[in-house]
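Next up, run-v5.pdb (PDB, C-alpha atoms):
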```pdb
MODEL        1
ATOM      1  CA  MET H 243       0.000   0.000   0.000  1.00  0.00           C
ATOM      2  CA  SER H 244       2.968   2.340   0.502  1.00  0.00           C
ATOM      3  CA  ARG H 245       3.351   3.173  -3.195  1.00  0.00           C
ATOM      4  CA  LEU H 246      -0.377   3.757  -3.575  1.00  0.00           C
ATOM      5  CA  THR H 247      -0.322   5.916  -0.453  1.00  0.00           C
ATOM      6  CA  ASP H 248       2.627   7.971  -1.701  1.00  0.00           C
ATOM      7  CA  VAL H 249       0.928   8.684  -5.034  1.00  0.00           C
ATOM      8  CA  ALA H 250      -2.325   9.545  -3.263  1.00  0.00           C
ATOM      9  CA  ARG H 251      -0.591  12.004  -0.962  1.00  0.00           C
ATOM     10  CA  ARG H 252       1.171  13.741  -3.833  1.00  0.00           C
ATOM     11  CA  LEU H 253      -2.096  14.034  -5.732  1.00  0.00           C
ATOM     12  CA  ASN H 254      -3.856  15.341  -2.644  1.00  0.00           C
ATOM     13  CA  LEU H 255      -1.209  17.999  -2.064  1.00  0.00           C
ATOM     14  CA  ARG H 256      -1.599  19.228  -5.625  1.00  0.00           C
ATOM     15  CA  GLY H 257      -5.325  19.397  -5.018  1.00  0.00           C
ATOM     16  CA  HIS H 258      -4.765  22.119  -2.449  1.00  0.00           C
ATOM     17  CA  ASP H 259      -4.682  24.528  -5.364  1.00  0.00           C
ATOM     18  CA  ARG H 260      -8.404  23.895  -5.775  1.00  0.00           C
ATOM     19  CA  GLY H 261      -9.250  25.746  -2.577  1.00  0.00           C
ATOM     20  CA  ALA H 262     -10.183  25.226   1.068  1.00  0.00           C
ATOM     21  CA  ASP H 263     -12.480  22.253   0.431  1.00  0.00           C
ATOM     22  CA  ALA H 264      -9.713  20.333  -1.322  1.00  0.00           C
ATOM     23  CA  CYS H 265      -7.294  21.048   1.526  1.00  0.00           C
ATOM     24  CA  ARG H 266      -9.358  19.081   4.026  1.00  0.00           C
ATOM     25  CA  LEU H 267      -9.981  16.040   1.861  1.00  0.00           C
ATOM     26  CA  PRO H 268      -8.215  12.759   2.753  1.00  0.00           C
ATOM     27  CA  PRO H 269      -5.807  11.194   0.239  1.00  0.00           C
ATOM     28  CA  LEU H 270      -7.224   7.686   0.742  1.00  0.00           C
ATOM     29  CA  ILE H 271     -10.790   6.492   1.278  1.00  0.00           C
ATOM     30  CA  MET H 272     -11.548   2.893   2.251  1.00  0.00           C
ATOM     31  CA  MET H 273     -15.055   1.642   1.563  1.00  0.00           C
ATOM     32  CA  THR H 274     -16.536  -1.138   3.678  1.00  0.00           C
ATOM     33  CA  ASP H 275     -18.285  -4.076   2.082  1.00  0.00           C
ATOM     34  CA  SER H 276     -20.341  -6.662   3.956  1.00  0.00           C
ATOM     35  CA  ASP H 277     -19.173  -9.471   1.632  1.00  0.00           C
ATOM     36  CA  ARG H 278     -15.546  -8.619   0.871  1.00  0.00           C
ATOM     37  CA  LEU H 279     -14.821  -6.797   4.137  1.00  0.00           C
ATOM     38  CA  PRO H 280     -17.351  -8.000   6.734  1.00  0.00           C
ATOM     39  CA  ASP H 281     -15.222  -6.768   9.653  1.00  0.00           C
ATOM     40  CA  PRO H 282     -13.613  -3.473   8.620  1.00  0.00           C
ATOM     41  CA  ILE H 283     -11.976  -2.694  11.966  1.00  0.00           C
ATOM     42  CA  PRO H 284      -8.673  -4.597  11.372  1.00  0.00           C
ATOM     43  CA  ALA H 285      -8.376  -3.013   7.910  1.00  0.00           C
ATOM     44  CA  ILE H 286      -8.830   0.478   9.337  1.00  0.00           C
ATOM     45  CA  ALA H 287      -5.792  -0.063  11.550  1.00  0.00           C
ATOM     46  CA  ALA H 288      -3.687  -0.488   8.391  1.00  0.00           C
ATOM     47  CA  LEU H 289      -4.714   2.893   6.988  1.00  0.00           C
ATOM     48  CA  PRO H 290      -2.441   5.923   7.272  1.00  0.00           C
ATOM     49  CA  ARG H 291      -3.557   8.723   9.558  1.00  0.00           C
ATOM     50  CA  HIS H 292      -5.968  11.239   8.041  1.00  0.00           C
ATOM     51  CA  SER H 293      -7.435   8.669   5.667  1.00  0.00           C
ATOM     52  CA  ALA H 294     -11.194   8.159   5.606  1.00  0.00           C
ATOM     53  CA  VAL H 295     -13.608   5.233   5.798  1.00  0.00           C
ATOM     54  CA  ILE H 296     -17.039   5.092   4.189  1.00  0.00           C
ATOM     55  CA  LEU H 297     -19.390   2.725   6.014  1.00  0.00           C
ATOM     56  CA  ARG H 298     -21.585   1.018   3.445  1.00  0.00           C
ATOM     57  CA  HIS H 299     -22.810  -2.383   4.743  1.00  0.00           C
ATOM     58  CA  TYR H 300     -26.162  -1.379   3.242  1.00  0.00           C
ATOM     59  CA  ASP H 301     -27.627  -4.863   3.652  1.00  0.00           C
ATOM     60  CA  VAL H 302     -27.112  -4.893   7.434  1.00  0.00           C
ATOM     61  CA  PRO H 303     -30.562  -4.304   9.026  1.00  0.00           C
ATOM     62  CA  ASP H 304     -29.302  -2.159  11.907  1.00  0.00           C
ATOM     63  CA  ARG H 305     -26.031  -0.383  11.153  1.00  0.00           C
ATOM     64  CA  GLU H 306     -26.016   1.854  14.236  1.00  0.00           C
ATOM     65  CA  PRO H 307     -23.986  -0.451  16.554  1.00  0.00           C
ATOM     66  CA  LEU H 308     -21.393  -0.965  13.814  1.00  0.00           C
ATOM     67  CA  ALA H 309     -21.374   2.758  13.018  1.00  0.00           C
ATOM     68  CA  ARG H 310     -20.780   3.628  16.676  1.00  0.00           C
ATOM     69  CA  ALA H 311     -17.961   1.096  16.986  1.00  0.00           C
ATOM     70  CA  LEU H 312     -16.322   2.404  13.813  1.00  0.00           C
ATOM     71  CA  ALA H 313     -16.711   6.018  14.936  1.00  0.00           C
ATOM     72  CA  ALA H 314     -14.866   5.314  18.189  1.00  0.00           C
ATOM     73  CA  HIS H 315     -12.180   3.264  16.432  1.00  0.00           C
ATOM     74  CA  CYS H 316     -11.627   5.884  13.748  1.00  0.00           C
ATOM     75  CA  ARG H 317     -11.302   8.677  16.309  1.00  0.00           C
ATOM     76  CA  ARG H 318      -8.559   6.780  18.108  1.00  0.00           C
ATOM     77  CA  LEU H 319      -6.661   6.260  14.854  1.00  0.00           C
ATOM     78  CA  HIS H 320      -7.207   9.780  13.473  1.00  0.00           C
ATOM     79  CA  VAL H 321      -9.180   8.400  10.533  1.00  0.00           C
ATOM     80  CA  ARG H 322     -12.370  10.072   9.365  1.00  0.00           C
ATOM     81  CA  LEU H 323     -15.643   8.151   9.189  1.00  0.00           C
ATOM     82  CA  LEU H 324     -18.328   8.863   6.593  1.00  0.00           C
ATOM     83  CA  ILE H 325     -21.663   7.063   6.701  1.00  0.00           C
ATOM     84  CA  GLY H 326     -23.021   5.871   3.371  1.00  0.00           C
ATOM     85  CA  GLY H 327     -26.609   6.701   2.511  1.00  0.00           C
ATOM     86  CA  ASP H 328     -27.859   7.883   5.916  1.00  0.00           C
ATOM     87  CA  PRO H 329     -27.114  11.453   7.076  1.00  0.00           C
ATOM     88  CA  ARG H 330     -29.253  10.998  10.174  1.00  0.00           C
ATOM     89  CA  LEU H 331     -27.085   8.061  11.304  1.00  0.00           C
ATOM     90  CA  ALA H 332     -23.953  10.090  10.569  1.00  0.00           C
ATOM     91  CA  PHE H 333     -25.291  12.870  12.790  1.00  0.00           C
ATOM     92  CA  VAL H 334     -26.320  10.509  15.605  1.00  0.00           C
ATOM     93  CA  VAL H 335     -22.993   8.664  15.880  1.00  0.00           C
ATOM     94  CA  GLY H 336     -20.870  11.793  15.503  1.00  0.00           C
ATOM     95  CA  ALA H 337     -19.329  10.770  12.194  1.00  0.00           C
ATOM     96  CA  ASP H 338     -17.174  13.120  10.144  1.00  0.00           C
ATOM     97  CA  GLY H 339     -19.558  13.192   7.212  1.00  0.00           C
ATOM     98  CA  TRP H 340     -21.590  11.055   4.872  1.00  0.00           C
ATOM     99  CA  HIS H 341     -21.488   9.535   1.415  1.00  0.00           C
ATOM    100  CA  VAL H 342     -24.249   9.986  -1.160  1.00  0.00           C
ATOM    101  CA  PRO H 343     -24.936   6.937  -3.375  1.00  0.00           C
ATOM    102  CA  GLU H 344     -25.685   7.918  -6.961  1.00  0.00           C
ATOM    103  CA  TRP H 345     -29.369   6.960  -6.726  1.00  0.00           C
ATOM    104  CA  MET H 346     -29.769   9.390  -3.806  1.00  0.00           C
ATOM    105  CA  GLY H 347     -27.831  12.095  -5.602  1.00  0.00           C
ATOM    106  CA  ARG H 348     -30.292  11.947  -8.486  1.00  0.00           C
ATOM    107  CA  ARG H 349     -32.997  13.091  -6.085  1.00  0.00           C
ATOM    108  CA  GLY H 350     -31.151  16.300  -5.232  1.00  0.00           C
ATOM    109  CA  PRO H 351     -30.021  17.514  -1.788  1.00  0.00           C
ATOM    110  CA  GLY H 352     -33.482  17.166  -0.254  1.00  0.00           C
ATOM    111  CA  ALA H 353     -33.906  16.959   3.497  1.00  0.00           C
ATOM    112  CA  TRP H 354     -30.377  15.762   4.221  1.00  0.00           C
ATOM    113  CA  ARG H 355     -29.086  19.326   4.291  1.00  0.00           C
ATOM    114  CA  ARG H 356     -30.660  19.847   7.691  1.00  0.00           C
ATOM    115  CA  TRP H 357     -28.485  17.075   9.141  1.00  0.00           C
ATOM    116  CA  ARG H 358     -25.227  18.412   7.735  1.00  0.00           C
ATOM    117  CA  ARG H 359     -22.721  19.754  10.211  1.00  0.00           C
ATOM    118  CA  PRO H 360     -20.468  22.627   9.075  1.00  0.00           C
ATOM    119  CA  ASP H 361     -17.335  20.501   9.505  1.00  0.00           C
ATOM    120  CA  TRP H 362     -18.630  17.469   7.628  1.00  0.00           C
ATOM    121  CA  THR H 363     -17.012  16.001   4.541  1.00  0.00           C
ATOM    122  CA  VAL H 364     -19.617  14.894   1.996  1.00  0.00           C
ATOM    123  CA  THR H 365     -18.712  12.639  -0.915  1.00  0.00           C
ATOM    124  CA  ALA H 366     -20.942  11.416  -3.733  1.00  0.00           C
ATOM    125  CA  ALA H 367     -20.773   8.517  -6.170  1.00  0.00           C
ATOM    126  CA  ALA H 368     -20.460   9.271  -9.877  1.00  0.00           C
ATOM    127  CA  HIS H 369     -20.021   7.239 -13.048  1.00  0.00           C
ATOM    128  CA  SER H 370     -19.965   9.955 -15.703  1.00  0.00           C
ATOM    129  CA  VAL H 371     -19.235  13.647 -16.276  1.00  0.00           C
ATOM    130  CA  ALA H 372     -22.934  14.338 -15.700  1.00  0.00           C
ATOM    131  CA  GLY H 373     -22.619  12.522 -12.383  1.00  0.00           C
ATOM    132  CA  LEU H 374     -19.737  14.775 -11.376  1.00  0.00           C
ATOM    133  CA  TRP H 375     -21.798  17.895 -12.056  1.00  0.00           C
ATOM    134  CA  ARG H 376     -24.748  16.402 -10.201  1.00  0.00           C
ATOM    135  CA  ALA H 377     -22.505  15.716  -7.190  1.00  0.00           C
ATOM    136  CA  ALA H 378     -21.424  19.355  -7.168  1.00  0.00           C
ATOM    137  CA  ALA H 379     -25.026  20.540  -7.509  1.00  0.00           C
ATOM    138  CA  ILE H 380     -26.132  18.693  -4.379  1.00  0.00           C
ATOM    139  CA  GLY H 381     -23.300  20.216  -2.349  1.00  0.00           C
ATOM    140  CA  ALA H 382     -20.790  17.360  -2.189  1.00  0.00           C
ATOM    141  CA  ASP H 383     -17.182  18.213  -1.401  1.00  0.00           C
ATOM    142  CA  ALA H 384     -15.830  15.494  -3.699  1.00  0.00           C
ATOM    143  CA  ALA H 385     -16.976  12.713  -6.013  1.00  0.00           C
ATOM    144  CA  LEU H 386     -15.898   9.068  -6.169  1.00  0.00           C
ATOM    145  CA  LEU H 387     -15.736   8.269  -9.873  1.00  0.00           C
ATOM    146  CA  SER H 388     -15.868   4.616 -10.922  1.00  0.00           C
ATOM    147  CA  PRO H 389     -14.907   2.173 -12.227  1.00  0.00           C
ATOM    148  CA  ILE H 390     -11.514   3.377 -13.389  1.00  0.00           C
ATOM    149  CA  PHE H 391     -10.031  -0.067 -14.053  1.00  0.00           C
ATOM    150  CA  PRO H 392     -11.575  -3.564 -14.325  1.00  0.00           C
ATOM    151  CA  THR H 393     -12.908  -4.665 -10.957  1.00  0.00           C
ATOM    152  CA  ALA H 394     -14.259  -7.948  -9.633  1.00  0.00           C
ATOM    153  CA  SER H 395     -17.100  -6.192  -7.833  1.00  0.00           C
ATOM    154  CA  HIS H 396     -18.603  -4.924 -11.114  1.00  0.00           C
ATOM    155  CA  PRO H 397     -17.217  -7.175 -13.869  1.00  0.00           C
ATOM    156  CA  GLN H 398     -19.948  -6.081 -16.305  1.00  0.00           C
ATOM    157  CA  ALA H 399     -19.100  -2.375 -16.053  1.00  0.00           C
ATOM    158  CA  THR H 400     -16.981  -0.735 -18.757  1.00  0.00           C
ATOM    159  CA  PRO H 401     -13.844   0.786 -17.160  1.00  0.00           C
ATOM    160  CA  ILE H 402     -13.321   4.512 -17.622  1.00  0.00           C
ATOM    161  CA  GLY H 403      -9.575   4.098 -18.073  1.00  0.00           C
ATOM    162  CA  ALA H 404      -6.681   6.359 -17.109  1.00  0.00           C
ATOM    163  CA  LEU H 405      -6.856   8.746 -20.065  1.00  0.00           C
ATOM    164  CA  ARG H 406     -10.579   9.385 -19.878  1.00  0.00           C
ATOM    165  CA  PHE H 407     -10.410   9.651 -16.080  1.00  0.00           C
ATOM    166  CA  THR H 408      -7.749  12.350 -16.394  1.00  0.00           C
ATOM    167  CA  ALA H 409      -9.878  14.258 -18.908  1.00  0.00           C
ATOM    168  CA  TRP H 410     -12.946  14.023 -16.684  1.00  0.00           C
ATOM    169  CA  CYS H 411     -10.979  15.239 -13.653  1.00  0.00           C
ATOM    170  CA  ARG H 412     -10.108  18.379 -15.593  1.00  0.00           C
ATOM    171  CA  LEU H 413     -13.749  18.907 -16.551  1.00  0.00           C
ATOM    172  CA  SER H 414     -15.046  18.280 -13.045  1.00  0.00           C
ATOM    173  CA  PRO H 415     -16.400  21.154 -10.917  1.00  0.00           C
ATOM    174  CA  LEU H 416     -15.249  19.400  -7.731  1.00  0.00           C
ATOM    175  CA  PRO H 417     -12.351  17.163  -6.601  1.00  0.00           C
ATOM    176  CA  VAL H 418     -12.483  13.568  -7.853  1.00  0.00           C
ATOM    177  CA  TYR H 419     -11.351  10.252  -6.351  1.00  0.00           C
ATOM    178  CA  ALA H 420     -10.447   7.253  -8.489  1.00  0.00           C
ATOM    179  CA  LEU H 421     -12.452   4.190  -7.463  1.00  0.00           C
ATOM    180  CA  GLY H 422     -12.485   0.712  -8.940  1.00  0.00           C
ATOM    181  CA  GLY H 423      -9.555  -1.622  -9.494  1.00  0.00           C
ATOM    182  CA  VAL H 424      -6.932   0.898  -8.371  1.00  0.00           C
ATOM    183  CA  SER H 425      -3.760  -0.997  -7.452  1.00  0.00           C
ATOM    184  CA  ALA H 426      -0.287   0.407  -6.838  1.00  0.00           C
ATOM    185  CA  LYS H 427       0.480  -0.074 -10.540  1.00  0.00           C
ATOM    186  CA  GLY H 428      -2.764   1.620 -11.559  1.00  0.00           C
ATOM    187  CA  ALA H 429      -2.116   4.457  -9.138  1.00  0.00           C
ATOM    188  CA  ARG H 430       1.119   5.294 -10.951  1.00  0.00           C
ATOM    189  CA  ARG H 431      -0.849   5.590 -14.200  1.00  0.00           C
ATOM    190  CA  LEU H 432      -3.009   8.213 -12.489  1.00  0.00           C
ATOM    191  CA  ALA H 433      -0.119  10.177 -10.966  1.00  0.00           C
ATOM    192  CA  THR H 434      -0.731  13.202 -13.217  1.00  0.00           C
ATOM    193  CA  SER H 435      -4.514  12.877 -13.439  1.00  0.00           C
ATOM    194  CA  GLY H 436      -5.347  15.686 -11.045  1.00  0.00           C
ATOM    195  CA  ALA H 437      -7.332  13.352  -8.785  1.00  0.00           C
ATOM    196  CA  ALA H 438      -7.813  14.152  -5.091  1.00  0.00           C
ATOM    197  CA  GLY H 439      -6.807  10.594  -4.184  1.00  0.00           C
ATOM    198  CA  PHE H 440      -7.941   6.979  -4.350  1.00  0.00           C
ATOM    199  CA  ALA H 441     -10.815   4.940  -2.945  1.00  0.00           C
ATOM    200  CA  GLY H 442     -11.321   1.186  -2.750  1.00  0.00           C
ATOM    201  CA  VAL H 443     -11.903  -1.957  -0.727  1.00  0.00           C
ATOM    202  CA  GLU H 444      -9.447  -4.864  -1.122  1.00  0.00           C
ATOM    203  CA  LYS H 445      -6.446  -2.872  -2.378  1.00  0.00           C
ATOM    204  CA  PHE H 446      -6.348  -1.032   0.933  1.00  0.00           C
ATOM    205  CA  LEU H 447      -5.865  -4.180   2.988  1.00  0.00           C
ATOM    206  CA  ALA H 448      -2.183  -4.691   2.177  1.00  0.00           C
ATOM    207  CA  LYS H 449       0.219  -3.077   4.625  1.00  0.00           C
TER     208      LYS H 449
ENDMDL
END
```

Represent the structure contained in this file as structure tokens.
Amino acid sequence: MSRLTDVARRLNLRGHDRGADACRLPPLIMMTDSDRLPDPIPAIAALPRHSAVILRHYDVPDREPLARALAAHCRRLHVRLLIGGDPRLAFVVGADGWHVPEWMGRRGPGAWRRWRRPDWTVTAAAHSVAGLWRAAAIGADAALLSPIFPTASHPQATPIGALRFTAWCRLSPLPVYALGGVSAKGARRLATSGAAGFAGVEKFLAK
């Protein structure tokens, strides 16, 4: 993970030119997954300080106990916690922000604005240039654009690729994270893309 982390940090530093919002964004974002990462706590310990974790586990009936445990663990490790799809839960457990799935983003900001704390980081999923603009329109601080490379989680999806990802980063109205199949080798291909950093699941497990 060290090479991926180094590239992510360099990209994130360059992103400081994009303003105050970019300055407070983490270089790495780990996303939980109830199948591939059922217990995210050990993986969080392998993350560098000032990374972030997005709690998905959408198929877990009651996520609050897990969210509270992750919030406490992340605070101890100086890692930010974002709650996927539920701003109320993010508010209740004292998370550092929340993540907007693309289907929620299509509905606009809606009622979730009333839950947003001033110091929250809000990310949104995107799969196209239109998705990037939609993420900005709902007030997200950054977008997670995917899939950049082939990924086992979505084998049917057409990868965006390094060249198109770089072009879309330059067109984007907000900072962009590369998500989907990003390994250390792939990260080097994105070193001049202008991304804010990288997001993923399995690739973040290696120390």

*Please write the residues picked by the PyMOL selection byres ((chain H and resi 357) around 9) on this file as a VMD selection string.*
chain H and resid 329 to 330 332 to 333 353 to 356 358 to 359

*Residues picked by the PyMOL selection byres ((chain H and resi 376) around 12) here, as a ChimeraX atom specification?*
/H:342-351,365-375,377-385,414-416

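The smallest atom-to-atom distance between Leu297 of chain H and any of H:Trp340, H:Phe391, H:Tyr419, H:Trp362, using all atoms listed in the file, is found for H:Trp340.
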
Could you list, as a tab-separated table (two decimals) with C-alpha atoms, in the frame of the given file, every residue matched by the PyMOL selection byres ((chain H and resi 426) around 7) in this structure?
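Output file expr-v8.tsv is given in full below:
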```tsv
chain	number	residue	atom	x	y	z
H	243	MET	CA	0.00	0.00	0.00
H	245	ARG	CA	3.35	3.17	-3.20
H	246	LEU	CA	-0.38	3.76	-3.58
H	424	VAL	CA	-6.93	0.90	-8.37
H	425	SER	CA	-3.76	-1.00	-7.45
H	427	LYS	CA	0.48	-0.07	-10.54
H	428	GLY	CA	-2.76	1.62	-11.56
H	429	ALA	CA	-2.12	4.46	-9.14
H	430	ARG	CA	1.12	5.29	-10.95
```

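Between atom CA of Leu421 of chain H and atom CA of Ala337 of chain H the separation is 21.8 Å.
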
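Straight-line separation from atom CA of Leu319 of chain H to atom CA of Ala285 of chain H: 11.7 Å.
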